[in-house]
Amino acid sequence: MKCAAHPDRSALGYCSRCGKALCKDCLVRLSAGNYCEVCANDPQGRMSLPKRRFPWWTIALIVMGVAAAASILRSVIH
């Protein structure tokens, strides 16, 4: 992965707020996590909710699939 601001550099991690890939020069370490310069210096001090990795419907489909598999296994066992 490459840094969002410096494409010629390897990224060490992601901003905990906006998700940008960050190199060692862009990474700002705070007690709450790693941030880019913009998010670390937000003048209003607001922290947005982290982005979800999966949409809600994907998680719902996984849960329904597991429930269906459990139901099938129960009927086969009994």
# chains A, B, ... in the order shown; residues from 1 in each chain; ligands from 1
$ select_by_dssp --residues "chain A" --states "strand (DSSP E or B)" --output "VMD selection string"
chain A and resid 2 10 13 to 14 21 to 22 28 to 30 33 to 35
$ write_last_selection --atoms "N, CA and C atoms" --output "short mmCIF file (atom, residue, chain, number, x, y, z; two decimals), in the first residue's frame"
data_model
loop_
_atom_site.label_atom_id
_atom_site.label_comp_id
_atom_site.auth_asym_id
_atom_site.auth_seq_id
_atom_site.Cartn_x
_atom_site.Cartn_y
_atom_site.Cartn_z
N LYS A 2 0.44 2.27 -0.66
CA LYS A 2 1.20 3.50 -0.81
C LYS A 2 0.52 4.63 -0.05
N SER A 10 5.92 3.88 0.95
CA SER A 10 5.05 2.84 1.51
C SER A 10 4.30 3.39 2.71
N GLY A 13 0.23 2.71 7.88
CA GLY A 13 -1.09 2.49 8.47
C GLY A 13 -2.11 3.41 7.85
N TYR A 14 -3.28 3.46 8.47
CA TYR A 14 -4.39 4.25 7.97
C TYR A 14 -4.84 5.25 9.03
N ALA A 21 -4.34 6.14 3.64
CA ALA A 21 -3.09 5.44 3.89
C ALA A 21 -2.02 6.48 4.21
N LEU A 22 -1.18 6.21 5.23
CA LEU A 22 -0.21 7.19 5.71
C LEU A 22 1.19 6.62 5.80
N VAL A 28 0.26 10.79 12.30
CA VAL A 28 0.24 11.51 13.58
C VAL A 28 -0.33 10.55 14.62
N ARG A 29 0.49 10.19 15.58
CA ARG A 29 0.06 9.24 16.62
C ARG A 29 -0.53 10.01 17.79
N LEU A 30 -1.77 9.67 18.13
CA LEU A 30 -2.46 10.25 19.28
C LEU A 30 -2.91 9.11 20.18
N GLY A 33 -5.46 6.89 18.60
CA GLY A 33 -5.15 6.16 17.38
C GLY A 33 -4.22 6.93 16.47
N ASN A 34 -4.11 6.47 15.23
CA ASN A 34 -3.29 7.12 14.22
C ASN A 34 -4.17 7.98 13.33
N TYR A 35 -3.68 9.19 13.00
CA TYR A 35 -4.47 10.13 12.21
C TYR A 35 -3.61 10.81 11.17
#
$ closest_residue --among "A:Arg17, A:Asp8, A:Met64, A:Arg74" --to "Asn41 of chain A" --atoms "only C-alpha atoms"
A:Arg17
$ select_by_dssp --residues "segment 3-75 of chain A" --states "alpha helix (DSSP H)" --output "list in words"
Glu37, Val38, Cys39, Ala40, Trp56, Trp57, Thr58, Ile59, Ala60, Leu61, Ile62, Val63, Met64, Gly65, Val66, Ala67, Ala68, Ala69, Ala70, Ser71, Ile72, Leu73, Arg74 and Ser75 of chain A
$ atom_distance --atom1 "atom CA of Ala5 of chain A" --atom2 "atom CA of Asp42 of chain A"
18.0 Å
$ atom_distance --atom1 "atom CA of Arg9 of chain A" --atom2 "atom CA of Val38 of chain A"
19.0 Å
